[in-house]
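J.: See start-v4.pdb below, with PDB, C-alpha atoms, pLDDT in the B column.
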```pdb
ATOM      1  CA  MET A  22      62.464-184.681  44.032  1.00 41.00           C
ATOM      2  CA  HIS A  23      63.953-187.571  42.072  1.00 41.00           C
ATOM      3  CA  THR A  24      61.366-189.489  40.086  1.00 43.00           C
ATOM      4  CA  THR A  25      61.724-192.480  37.825  1.00 48.00           C
ATOM      5  CA  ALA A  26      59.383-194.308  35.528  1.00 47.00           C
ATOM      6  CA  GLU A  27      60.277-197.485  33.754  1.00 43.00           C
ATOM      7  CA  PRO A  28      58.676-199.739  31.144  1.00 40.00           C
ATOM      8  CA  PRO A  29      56.644-202.598  32.601  1.00 40.00           C
ATOM      9  CA  GLY A  30      58.703-205.685  33.385  1.00 41.00           C
ATOM     10  CA  THR A  31      58.309-208.830  31.364  1.00 40.00           C
ATOM     11  CA  ALA A  32      59.391-211.435  33.877  1.00 44.00           C
ATOM     12  CA  ASP A  33      56.694-213.508  35.484  1.00 49.00           C
ATOM     13  CA  ASP A  34      56.491-216.137  38.198  1.00 51.00           C
ATOM     14  CA  GLY A  35      56.455-219.055  35.797  1.00 55.00           C
ATOM     15  CA  SER A  36      52.679-219.249  35.688  1.00 56.00           C
ATOM     16  CA  GLY A  37      52.386-217.233  32.489  1.00 61.00           C
ATOM     17  CA  ALA A  38      50.552-214.433  34.309  1.00 73.00           C
ATOM     18  CA  ALA A  39      51.704-210.861  33.849  1.00 86.00           C
ATOM     19  CA  PRO A  40      53.746-209.568  36.803  1.00 90.00           C
ATOM     20  CA  LEU A  41      52.088-207.318  39.359  1.00 93.00           C
ATOM     21  CA  ARG A  42      53.109-203.748  38.578  1.00 96.00           C
ATOM     22  CA  VAL A  43      54.050-201.517  41.507  1.00 97.00           C
ATOM     23  CA  VAL A  44      54.823-197.816  41.925  1.00 97.00           C
ATOM     24  CA  VAL A  45      56.725-196.796  45.064  1.00 96.00           C
ATOM     25  CA  ALA A  46      56.291-193.271  46.477  1.00 96.00           C
ATOM     26  CA  ASP A  47      58.420-192.170  49.422  1.00 94.00           C
ATOM     27  CA  ASP A  48      60.373-188.992  50.085  1.00 92.00           C
ATOM     28  CA  GLU A  49      63.476-190.916  51.194  1.00 92.00           C
ATOM     29  CA  ARG A  50      65.449-192.256  48.275  1.00 92.00           C
ATOM     30  CA  VAL A  51      67.030-194.986  50.385  1.00 92.00           C
ATOM     31  CA  VAL A  52      63.547-196.286  51.215  1.00 91.00           C
ATOM     32  CA  ARG A  53      62.432-196.179  47.572  1.00 92.00           C
ATOM     33  CA  ASP A  54      65.545-197.975  46.383  1.00 93.00           C
ATOM     34  CA  GLY A  55      65.311-200.527  49.164  1.00 92.00           C
ATOM     35  CA  LEU A  56      61.693-201.337  48.371  1.00 93.00           C
ATOM     36  CA  ARG A  57      62.483-201.616  44.670  1.00 93.00           C
ATOM     37  CA  LEU A  58      65.289-204.087  45.278  1.00 92.00           C
ATOM     38  CA  MET A  59      63.224-206.052  47.754  1.00 91.00           C
ATOM     39  CA  LEU A  60      60.181-206.352  45.509  1.00 93.00           C
ATOM     40  CA  GLU A  61      62.039-207.140  42.312  1.00 90.00           C
ATOM     41  CA  LEU A  62      63.748-210.102  43.961  1.00 91.00           C
ATOM     42  CA  GLN A  63      60.301-211.687  44.138  1.00 90.00           C
ATOM     43  CA  PRO A  64      58.845-213.601  41.169  1.00 91.00           C
ATOM     44  CA  GLY A  65      55.778-211.990  39.660  1.00 92.00           C
ATOM     45  CA  LEU A  66      56.479-208.474  40.974  1.00 94.00           C
ATOM     46  CA  THR A  67      57.967-205.533  39.088  1.00 94.00           C
ATOM     47  CA  VAL A  68      58.459-201.902  40.119  1.00 95.00           C
ATOM     48  CA  VAL A  69      57.508-199.726  37.151  1.00 96.00           C
ATOM     49  CA  GLY A  70      58.161-196.347  38.748  1.00 95.00           C
ATOM     50  CA  SER A  71      59.143-194.430  41.860  1.00 95.00           C
ATOM     51  CA  ALA A  72      58.424-190.928  43.111  1.00 95.00           C
ATOM     52  CA  GLY A  73      59.660-188.705  45.910  1.00 93.00           C
ATOM     53  CA  ASP A  74      56.632-186.438  46.397  1.00 93.00           C
ATOM     54  CA  GLY A  75      52.880-186.403  45.986  1.00 93.00           C
ATOM     55  CA  ASP A  76      52.668-184.570  42.671  1.00 94.00           C
ATOM     56  CA  HIS A  77      55.035-187.004  40.986  1.00 94.00           C
ATOM     57  CA  ALA A  78      53.327-189.979  42.589  1.00 95.00           C
ATOM     58  CA  LEU A  79      49.976-188.874  41.209  1.00 95.00           C
ATOM     59  CA  ARG A  80      51.317-188.280  37.712  1.00 95.00           C
ATOM     60  CA  LEU A  81      53.053-191.650  37.625  1.00 95.00           C
ATOM     61  CA  THR A  82      50.000-193.497  38.900  1.00 96.00           C
ATOM     62  CA  VAL A  83      47.656-191.866  36.404  1.00 96.00           C
ATOM     63  CA  ALA A  84      50.082-192.522  33.546  1.00 95.00           C
ATOM     64  CA  LEU A  85      51.161-196.062  34.436  1.00 95.00           C
ATOM     65  CA  ARG A  86      48.025-197.434  36.159  1.00 96.00           C
ATOM     66  CA  PRO A  87      49.978-199.865  38.368  1.00 96.00           C
ATOM     67  CA  ASP A  88      48.290-202.673  40.254  1.00 96.00           C
ATOM     68  CA  VAL A  89      49.597-201.317  43.559  1.00 96.00           C
ATOM     69  CA  LEU A  90      50.797-197.894  44.675  1.00 97.00           C
ATOM     70  CA  MET A  91      52.955-198.051  47.789  1.00 96.00           C
ATOM     71  CA  LEU A  92      52.378-194.565  49.148  1.00 94.00           C
ATOM     72  CA  ASP A  93      54.128-192.815  52.022  1.00 92.00           C
ATOM     73  CA  VAL A  94      51.712-190.995  54.324  1.00 89.00           C
ATOM     74  CA  ARG A  95      54.012-188.061  55.028  1.00 87.00           C
ATOM     75  CA  MET A  96      55.816-186.394  52.136  1.00 87.00           C
ATOM     76  CA  PRO A  97      56.823-182.782  51.471  1.00 83.00           C
ATOM     77  CA  GLY A  98      54.403-180.641  49.505  1.00 84.00           C
ATOM     78  CA  HIS A  99      51.376-182.746  48.683  1.00 91.00           C
ATOM     79  CA  ASP A 100      51.356-185.778  50.946  1.00 90.00           C
ATOM     80  CA  GLY A 101      49.971-189.273  50.563  1.00 91.00           C
ATOM     81  CA  LEU A 102      46.485-188.294  51.690  1.00 90.00           C
ATOM     82  CA  TRP A 103      46.301-185.702  48.915  1.00 93.00           C
ATOM     83  CA  VAL A 104      47.356-188.303  46.356  1.00 95.00           C
ATOM     84  CA  LEU A 105      44.760-190.751  47.686  1.00 94.00           C
ATOM     85  CA  ALA A 106      42.005-188.149  47.414  1.00 93.00           C
ATOM     86  CA  ARG A 107      42.980-187.238  43.843  1.00 94.00           C
ATOM     87  CA  LEU A 108      42.956-190.914  42.825  1.00 95.00           C
ATOM     88  CA  ALA A 109      39.524-191.333  44.410  1.00 92.00           C
ATOM     89  CA  GLU A 110      38.232-188.325  42.465  1.00 92.00           C
ATOM     90  CA  ARG A 111      39.418-189.983  39.256  1.00 92.00           C
ATOM     91  CA  SER A 112      37.786-193.312  40.240  1.00 90.00           C
ATOM     92  CA  LEU A 113      41.171-195.038  39.996  1.00 92.00           C
ATOM     93  CA  LEU A 114      41.104-196.864  43.319  1.00 88.00           C
ATOM     94  CA  THR A 115      39.416-199.902  41.796  1.00 84.00           C
ATOM     95  CA  THR A 116      42.204-200.413  39.258  1.00 90.00           C
ATOM     96  CA  THR A 117      45.121-199.250  41.409  1.00 94.00           C
ATOM     97  CA  ARG A 118      45.088-200.383  45.028  1.00 93.00           C
ATOM     98  CA  VAL A 119      46.858-198.125  47.517  1.00 94.00           C
ATOM     99  CA  LEU A 120      49.056-199.551  50.249  1.00 93.00           C
ATOM    100  CA  MET A 121      49.987-196.758  52.627  1.00 90.00           C
ATOM    101  CA  LEU A 122      53.429-196.698  54.263  1.00 87.00           C
ATOM    102  CA  THR A 123      53.925-195.199  57.689  1.00 83.00           C
ATOM    103  CA  THR A 124      56.866-194.895  60.050  1.00 80.00           C
ATOM    104  CA  PHE A 125      54.919-194.798  63.316  1.00 69.00           C
ATOM    105  CA  ASP A 126      51.934-196.884  64.344  1.00 61.00           C
ATOM    106  CA  MET A 127      50.425-193.800  66.021  1.00 59.00           C
ATOM    107  CA  ASP A 128      50.331-191.775  62.801  1.00 61.00           C
ATOM    108  CA  GLU A 129      47.457-189.305  63.142  1.00 65.00           C
ATOM    109  CA  TYR A 130      46.582-189.510  59.459  1.00 70.00           C
ATOM    110  CA  VAL A 131      45.852-193.208  59.156  1.00 69.00           C
ATOM    111  CA  ASP A 132      42.155-192.966  60.043  1.00 69.00           C
ATOM    112  CA  GLU A 133      41.556-190.439  57.287  1.00 76.00           C
ATOM    113  CA  ALA A 134      43.410-192.549  54.753  1.00 76.00           C
ATOM    114  CA  LEU A 135      41.555-195.749  55.641  1.00 74.00           C
ATOM    115  CA  GLY A 136      38.270-193.915  55.219  1.00 77.00           C
ATOM    116  CA  GLY A 137      39.542-192.331  52.013  1.00 84.00           C
ATOM    117  CA  GLY A 138      40.009-195.593  50.185  1.00 86.00           C
ATOM    118  CA  ALA A 139      43.422-196.980  51.101  1.00 88.00           C
ATOM    119  CA  SER A 140      43.483-200.764  50.879  1.00 87.00           C
ATOM    120  CA  GLY A 141      45.980-201.204  53.666  1.00 84.00           C
ATOM    121  CA  PHE A 142      48.725-199.938  55.947  1.00 83.00           C
ATOM    122  CA  LEU A 143      52.234-201.179  56.434  1.00 85.00           C
ATOM    123  CA  LEU A 144      54.980-200.045  58.760  1.00 84.00           C
ATOM    124  CA  LYS A 145      58.247-199.253  57.020  1.00 84.00           C
ATOM    125  CA  SER A 146      59.913-201.499  59.584  1.00 84.00           C
ATOM    126  CA  ALA A 147      57.918-204.499  58.339  1.00 85.00           C
ATOM    127  CA  SER A 148      59.828-207.624  57.432  1.00 86.00           C
ATOM    128  CA  TYR A 149      60.744-208.661  53.898  1.00 85.00           C
ATOM    129  CA  GLU A 150      58.049-211.330  54.013  1.00 87.00           C
ATOM    130  CA  GLU A 151      55.388-208.946  55.356  1.00 87.00           C
ATOM    131  CA  ILE A 152      56.083-206.383  52.645  1.00 89.00           C
ATOM    132  CA  THR A 153      55.876-208.783  49.715  1.00 91.00           C
ATOM    133  CA  ALA A 154      52.827-210.528  51.181  1.00 89.00           C
ATOM    134  CA  ALA A 155      51.123-207.153  51.696  1.00 89.00           C
ATOM    135  CA  VAL A 156      51.720-206.114  48.090  1.00 92.00           C
ATOM    136  CA  ARG A 157      50.272-209.373  46.770  1.00 92.00           C
ATOM    137  CA  ALA A 158      47.287-209.233  49.123  1.00 87.00           C
ATOM    138  CA  THR A 159      46.585-205.612  48.223  1.00 88.00           C
ATOM    139  CA  ALA A 160      46.709-206.370  44.491  1.00 89.00           C
ATOM    140  CA  ALA A 161      44.291-209.254  45.032  1.00 85.00           C
ATOM    141  CA  GLY A 162      41.783-206.929  46.673  1.00 79.00           C
ATOM    142  CA  GLN A 163      42.180-208.511  50.085  1.00 76.00           C
ATOM    143  CA  GLY A 164      43.782-205.463  51.662  1.00 73.00           C
ATOM    144  CA  ALA A 165      46.681-205.592  54.090  1.00 79.00           C
ATOM    145  CA  LEU A 166      47.007-204.230  57.596  1.00 75.00           C
ATOM    146  CA  SER A 167      50.261-204.569  59.483  1.00 72.00           C
ATOM    147  CA  PRO A 168      49.622-206.836  62.504  1.00 65.00           C
ATOM    148  CA  THR A 169      51.122-204.264  64.852  1.00 61.00           C
ATOM    149  CA  VAL A 170      48.707-201.527  63.820  1.00 61.00           C
ATOM    150  CA  ALA A 171      45.584-203.324  62.548  1.00 63.00           C
ATOM    151  CA  GLY A 172      43.628-203.410  65.782  1.00 61.00           C
ATOM    152  CA  ARG A 173      44.430-199.829  66.735  1.00 62.00           C
ATOM    153  CA  LEU A 174      43.658-198.411  63.320  1.00 56.00           C
ATOM    154  CA  ILE A 175      40.286-200.089  63.066  1.00 56.00           C
ATOM    155  CA  ARG A 176      39.294-199.352  66.672  1.00 59.00           C
ATOM    156  CA  ASP A 177      40.255-195.692  66.369  1.00 59.00           C
ATOM    157  CA  PHE A 178      38.439-195.328  63.074  1.00 56.00           C
ATOM    158  CA  ALA A 179      35.292-196.771  64.607  1.00 53.00           C
ATOM    159  CA  ALA A 180      35.598-194.807  67.851  1.00 56.00           C
ATOM    160  CA  ALA A 181      35.790-191.503  65.958  1.00 52.00           C
ATOM    161  CA  ARG A 182      32.367-192.303  64.523  1.00 50.00           C
ATOM    162  CA  ARG A 183      30.807-194.017  67.530  1.00 48.00           C
ATOM    163  CA  ALA A 184      27.786-191.687  67.489  1.00 44.00           C
ATOM    164  CA  ASP A 185      26.537-193.006  64.154  1.00 47.00           C
ATOM    165  CA  ARG A 186      27.747-196.587  64.678  1.00 52.00           C
ATOM    166  CA  ALA A 187      24.276-198.055  64.066  1.00 54.00           C
ATOM    167  CA  ASP A 188      23.628-196.088  60.880  1.00 67.00           C
ATOM    168  CA  PRO A 189      20.654-197.779  59.127  1.00 76.00           C
ATOM    169  CA  ALA A 190      22.330-197.616  55.704  1.00 77.00           C
ATOM    170  CA  GLU A 191      25.387-199.437  57.013  1.00 76.00           C
ATOM    171  CA  LEU A 192      23.308-202.030  58.836  1.00 79.00           C
ATOM    172  CA  ALA A 193      21.379-202.636  55.618  1.00 83.00           C
ATOM    173  CA  ARG A 194      24.625-203.558  53.859  1.00 84.00           C
ATOM    174  CA  THR A 195      25.009-206.508  56.244  1.00 87.00           C
ATOM    175  CA  ALA A 196      21.367-207.632  56.140  1.00 86.00           C
ATOM    176  CA  ALA A 197      21.903-210.310  53.490  1.00 88.00           C
ATOM    177  CA  LEU A 198      24.780-211.980  55.333  1.00 91.00           C
ATOM    178  CA  THR A 199      24.303-215.461  56.758  1.00 92.00           C
ATOM    179  CA  PRO A 200      25.150-216.046  60.439  1.00 90.00           C
ATOM    180  CA  ARG A 201      28.484-217.610  59.453  1.00 93.00           C
ATOM    181  CA  GLU A 202      29.278-214.690  57.135  1.00 92.00           C
ATOM    182  CA  ARG A 203      28.510-212.311  60.003  1.00 90.00           C
ATOM    183  CA  ASP A 204      31.000-214.201  62.136  1.00 91.00           C
ATOM    184  CA  VAL A 205      33.612-213.900  59.403  1.00 93.00           C
ATOM    185  CA  LEU A 206      32.930-210.165  59.043  1.00 92.00           C
ATOM    186  CA  ALA A 207      33.298-209.675  62.783  1.00 89.00           C
ATOM    187  CA  HIS A 208      36.618-211.522  62.783  1.00 89.00           C
ATOM    188  CA  ILE A 209      37.817-209.365  59.867  1.00 88.00           C
ATOM    189  CA  GLY A 210      36.986-206.409  62.088  1.00 83.00           C
ATOM    190  CA  GLU A 211      39.341-207.807  64.710  1.00 80.00           C
ATOM    191  CA  GLY A 212      42.150-207.727  62.158  1.00 78.00           C
ATOM    192  CA  LEU A 213      42.436-211.521  61.890  1.00 83.00           C
ATOM    193  CA  SER A 214      43.959-213.222  58.866  1.00 84.00           C
ATOM    194  CA  ASN A 215      42.190-216.002  56.960  1.00 89.00           C
ATOM    195  CA  ALA A 216      44.308-218.580  58.780  1.00 89.00           C
ATOM    196  CA  GLU A 217      43.391-217.112  62.160  1.00 89.00           C
ATOM    197  CA  ILE A 218      39.695-217.001  61.258  1.00 91.00           C
ATOM    198  CA  ALA A 219      39.858-220.610  60.090  1.00 92.00           C
ATOM    199  CA  ALA A 220      41.322-221.618  63.443  1.00 92.00           C
ATOM    200  CA  ARG A 221      38.609-219.719  65.331  1.00 90.00           C
ATOM    201  CA  LEU A 222      35.778-221.249  63.309  1.00 90.00           C
ATOM    202  CA  VAL A 223      37.411-224.678  62.940  1.00 90.00           C
ATOM    203  CA  VAL A 224      37.119-224.697  59.147  1.00 91.00           C
ATOM    204  CA  SER A 225      39.627-224.683  56.278  1.00 92.00           C
ATOM    205  CA  GLU A 226      41.313-221.546  54.953  1.00 90.00           C
ATOM    206  CA  HIS A 227      39.689-222.258  51.585  1.00 92.00           C
ATOM    207  CA  THR A 228      36.259-222.105  53.248  1.00 93.00           C
ATOM    208  CA  VAL A 229      37.147-218.820  54.954  1.00 92.00           C
ATOM    209  CA  LYS A 230      38.374-217.365  51.659  1.00 91.00           C
ATOM    210  CA  SER A 231      35.023-218.240  50.065  1.00 93.00           C
ATOM    211  CA  HIS A 232      33.142-216.633  52.958  1.00 93.00           C
ATOM    212  CA  VAL A 233      35.274-213.482  52.709  1.00 92.00           C
ATOM    213  CA  SER A 234      34.561-213.208  48.978  1.00 92.00           C
ATOM    214  CA  ARG A 235      30.824-213.459  49.615  1.00 93.00           C
ATOM    215  CA  VAL A 236      30.998-210.925  52.445  1.00 93.00           C
ATOM    216  CA  LEU A 237      32.735-208.404  50.169  1.00 92.00           C
ATOM    217  CA  ALA A 238      30.228-208.996  47.371  1.00 91.00           C
ATOM    218  CA  LYS A 239      27.137-208.725  49.583  1.00 92.00           C
ATOM    219  CA  THR A 240      28.265-205.656  51.527  1.00 91.00           C
ATOM    220  CA  GLY A 241      29.715-203.811  48.545  1.00 89.00           C
ATOM    221  CA  CYS A 242      33.093-203.458  50.266  1.00 87.00           C
ATOM    222  CA  ARG A 243      35.940-202.947  47.825  1.00 82.00           C
ATOM    223  CA  ASP A 244      38.431-204.888  49.921  1.00 83.00           C
ATOM    224  CA  ARG A 245      39.221-206.320  53.331  1.00 84.00           C
ATOM    225  CA  ALA A 246      40.137-202.940  54.819  1.00 80.00           C
ATOM    226  CA  GLN A 247      36.686-201.505  54.040  1.00 81.00           C
ATOM    227  CA  ALA A 248      35.068-204.655  55.407  1.00 86.00           C
ATOM    228  CA  ALA A 249      37.039-204.260  58.633  1.00 83.00           C
ATOM    229  CA  VAL A 250      35.733-200.722  59.100  1.00 79.00           C
ATOM    230  CA  LEU A 251      32.165-201.822  58.361  1.00 84.00           C
ATOM    231  CA  ALA A 252      32.526-204.651  60.875  1.00 84.00           C
ATOM    232  CA  ARG A 253      33.716-202.360  63.631  1.00 75.00           C
ATOM    233  CA  ARG A 254      30.775-200.015  63.041  1.00 75.00           C
ATOM    234  CA  THR A 255      28.037-202.638  62.824  1.00 76.00           C
ATOM    235  CA  THR A 256      29.101-205.468  65.120  1.00 66.00           C
ATOM    236  CA  GLU A 257      30.011-205.826  68.777  1.00 56.00           C
ATOM    237  CA  ARG A 258      32.530-208.409  69.934  1.00 47.00           C
TER
END
```
Written as structure tokens, that's how I'd like the structure from this file.
T.:
Amino acid sequence: MHTTAEPPGTADDGSGAAPLRVVVADDERVVRDGLRLMLELQPGLTVVGSAGDGDHALRLTVALRPDVLMLDVRMPGHDGLWVLARLAERSLLTTTRVLMLTTFDMDEYVDEALGGGASGFLLKSASYEEITAAVRATAAGQGALSPTVAGRLIRDFAAARRADRADPAELARTAALTPRERDVLAHIGEGLSNAEIAARLVVSEHTVKSHVSRVLAKTGCRDRAQAAVLARRTTER
């Protein structure tokens, strides 16, 4: 499989901040090249490497420590789930966020990946704007779930574990939340964006963002995707 690794980019978005560094892993070269071109047209984003299979993706990620790994679910040899598990074993998922790529919204592997530490899912058919927004959101620790698959992914993940839905340890993680924070968590579980939550609660997006930050801190969730799973297992709406 063709693999490339490049020195980190130096261009930024004019704010003086270092660009977000991305590695793209997909077995189709046309997809890798397309994502590279798409992302590098955006200020503050740079693709530092690309890989066509799981082994190469893992080596590049360990070596380059990008902010975001865009990782295809299905690849020949070792697939994206294998890469995700190896990164989790190395405790690298807090420094490199993983945004999984999938062709079909009924992919049977997405539940396992979400539980394994992926910060989000994106369909390869997503728009230019959705892709760049998802990369930025993933890097910021907010997670990103494609609107067309968010509800199904979270519902299926919860349904597979319905028997232990009220696990005391999980309920304890939400005990310190205020009533408003519980509302925000429940809305995250529905797959709503900050703007949509703000509209539901009739507050500003800035207020919702503050609530989300507190929810993540109090529950110990690494990002929005983990919070969504916790919400579906501990709340009823």
J.: Find the spatial neighbours of segment 142-157 of chain A, counting all atoms listed in the file, within a cut-off of 6 Å - ignore same-chain residues fewer than 4 positions away - and output them as a PDB file with C-alpha atoms, in the coordinates of the input.
T.:
```pdb
ATOM      1  CA  LEU A 120      49.056-199.551  50.249  1.00 93.00           C
ATOM      2  CA  MET A 121      49.987-196.758  52.627  1.00 90.00           C
ATOM      3  CA  LEU A 122      53.429-196.698  54.263  1.00 87.00           C
ATOM      4  CA  THR A 123      53.925-195.199  57.689  1.00 83.00           C
ATOM      5  CA  THR A 124      56.866-194.895  60.050  1.00 80.00           C
ATOM      6  CA  ALA A 165      46.681-205.592  54.090  1.00 79.00           C
ATOM      7  CA  LEU A 166      47.007-204.230  57.596  1.00 75.00           C
ATOM      8  CA  SER A 167      50.261-204.569  59.483  1.00 72.00           C
TER       9      SER A 167
END
```
J.: Let me make sure I understand: among A:Leu66, A:Ala219, A:Ala197, A:Met59, which one has the smallest atom-to-atom distance to Ala38 of chain A if we use only C-alpha atoms?
T.: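 Ranked by minimum distance to Ala38 of chain A, first place goes to A:Leu66.
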J.: State, in Å with one decimal place, the distance from atom CA of Leu251 of chain A to atom CA of Ala220 of chain A.
T.: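 Interatomic distance, atom CA of Leu251 of chain A to atom CA of Ala220 of chain A: 22.4 Å.
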J.: Any idea what the distance is between atom CA of Val44 of chain A and atom CA of Thr67 of chain A?
T.: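 Computed distance, atom CA of Val44 of chain A to atom CA of Thr67 of chain A, equals 8.8 Å.
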J.: Between atom CA of Gly70 of chain A and atom CA of Glu49 of chain A, measure the distance and give it in Å to one decimal.
T.: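 These two atoms are separated by 14.6 Å.
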J.: Step by step, work through what the PyMOL selection byres ((chain A and resi 71-76) around 9) selects in the shown file, and finish by giving those residues as an MDAnalysis selection string.
T.: chainID A and resid 22:27 43:50 53:54 57 68:70 77:81 92:93 96:104
J.: Please produce a file of those selected residues containing C-alpha atoms, as a PDB file, keeping the file's coordinate frame.
T.:
```pdb
ATOM      1  CA  MET A  22      62.464-184.681  44.032  1.00 41.00           C
ATOM      2  CA  HIS A  23      63.953-187.571  42.072  1.00 41.00           C
ATOM      3  CA  THR A  24      61.366-189.489  40.086  1.00 43.00           C
ATOM      4  CA  THR A  25      61.724-192.480  37.825  1.00 48.00           C
ATOM      5  CA  ALA A  26      59.383-194.308  35.528  1.00 47.00           C
ATOM      6  CA  GLU A  27      60.277-197.485  33.754  1.00 43.00           C
ATOM      7  CA  VAL A  43      54.050-201.517  41.507  1.00 97.00           C
ATOM      8  CA  VAL A  44      54.823-197.816  41.925  1.00 97.00           C
ATOM      9  CA  VAL A  45      56.725-196.796  45.064  1.00 96.00           C
ATOM     10  CA  ALA A  46      56.291-193.271  46.477  1.00 96.00           C
ATOM     11  CA  ASP A  47      58.420-192.170  49.422  1.00 94.00           C
ATOM     12  CA  ASP A  48      60.373-188.992  50.085  1.00 92.00           C
ATOM     13  CA  GLU A  49      63.476-190.916  51.194  1.00 92.00           C
ATOM     14  CA  ARG A  50      65.449-192.256  48.275  1.00 92.00           C
ATOM     15  CA  ARG A  53      62.432-196.179  47.572  1.00 92.00           C
ATOM     16  CA  ASP A  54      65.545-197.975  46.383  1.00 93.00           C
ATOM     17  CA  ARG A  57      62.483-201.616  44.670  1.00 93.00           C
ATOM     18  CA  VAL A  68      58.459-201.902  40.119  1.00 95.00           C
ATOM     19  CA  VAL A  69      57.508-199.726  37.151  1.00 96.00           C
ATOM     20  CA  GLY A  70      58.161-196.347  38.748  1.00 95.00           C
ATOM     21  CA  HIS A  77      55.035-187.004  40.986  1.00 94.00           C
ATOM     22  CA  ALA A  78      53.327-189.979  42.589  1.00 95.00           C
ATOM     23  CA  LEU A  79      49.976-188.874  41.209  1.00 95.00           C
ATOM     24  CA  ARG A  80      51.317-188.280  37.712  1.00 95.00           C
ATOM     25  CA  LEU A  81      53.053-191.650  37.625  1.00 95.00           C
ATOM     26  CA  LEU A  92      52.378-194.565  49.148  1.00 94.00           C
ATOM     27  CA  ASP A  93      54.128-192.815  52.022  1.00 92.00           C
ATOM     28  CA  MET A  96      55.816-186.394  52.136  1.00 87.00           C
ATOM     29  CA  PRO A  97      56.823-182.782  51.471  1.00 83.00           C
ATOM     30  CA  GLY A  98      54.403-180.641  49.505  1.00 84.00           C
ATOM     31  CA  HIS A  99      51.376-182.746  48.683  1.00 91.00           C
ATOM     32  CA  ASP A 100      51.356-185.778  50.946  1.00 90.00           C
ATOM     33  CA  GLY A 101      49.971-189.273  50.563  1.00 91.00           C
ATOM     34  CA  LEU A 102      46.485-188.294  51.690  1.00 90.00           C
ATOM     35  CA  TRP A 103      46.301-185.702  48.915  1.00 93.00           C
ATOM     36  CA  VAL A 104      47.356-188.303  46.356  1.00 95.00           C
TER      37      VAL A 104
END
```
J.: Would you please work out which residue, of A:Thr115, A:Gln163, A:Thr82, A:Gln63, is nearest to Ser214 of chain A when using only C-alpha atoms?
T.: A:Gln163
J.: Do you know which residues the PyMOL selection byres ((chain A and resi 160) around 9) returns on this file, as a list in words?
T.: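 Written out, the selection comes to Leu41, Asp88, Val89, Thr117, Arg118, Val119, Ala155, Val156, Arg157, Ala158, Thr159, Ala161, Gly162, Gln163 and Gly164 of chain A.
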J.: Residues picked by the PyMOL selection byres ((chain A and resi 245) around 12) here, as an MDAnalysis selection string?
T.: chainID A and resid 118 135 138:142 158:166 171 175 205:215 230 232:238 240:244 246:252
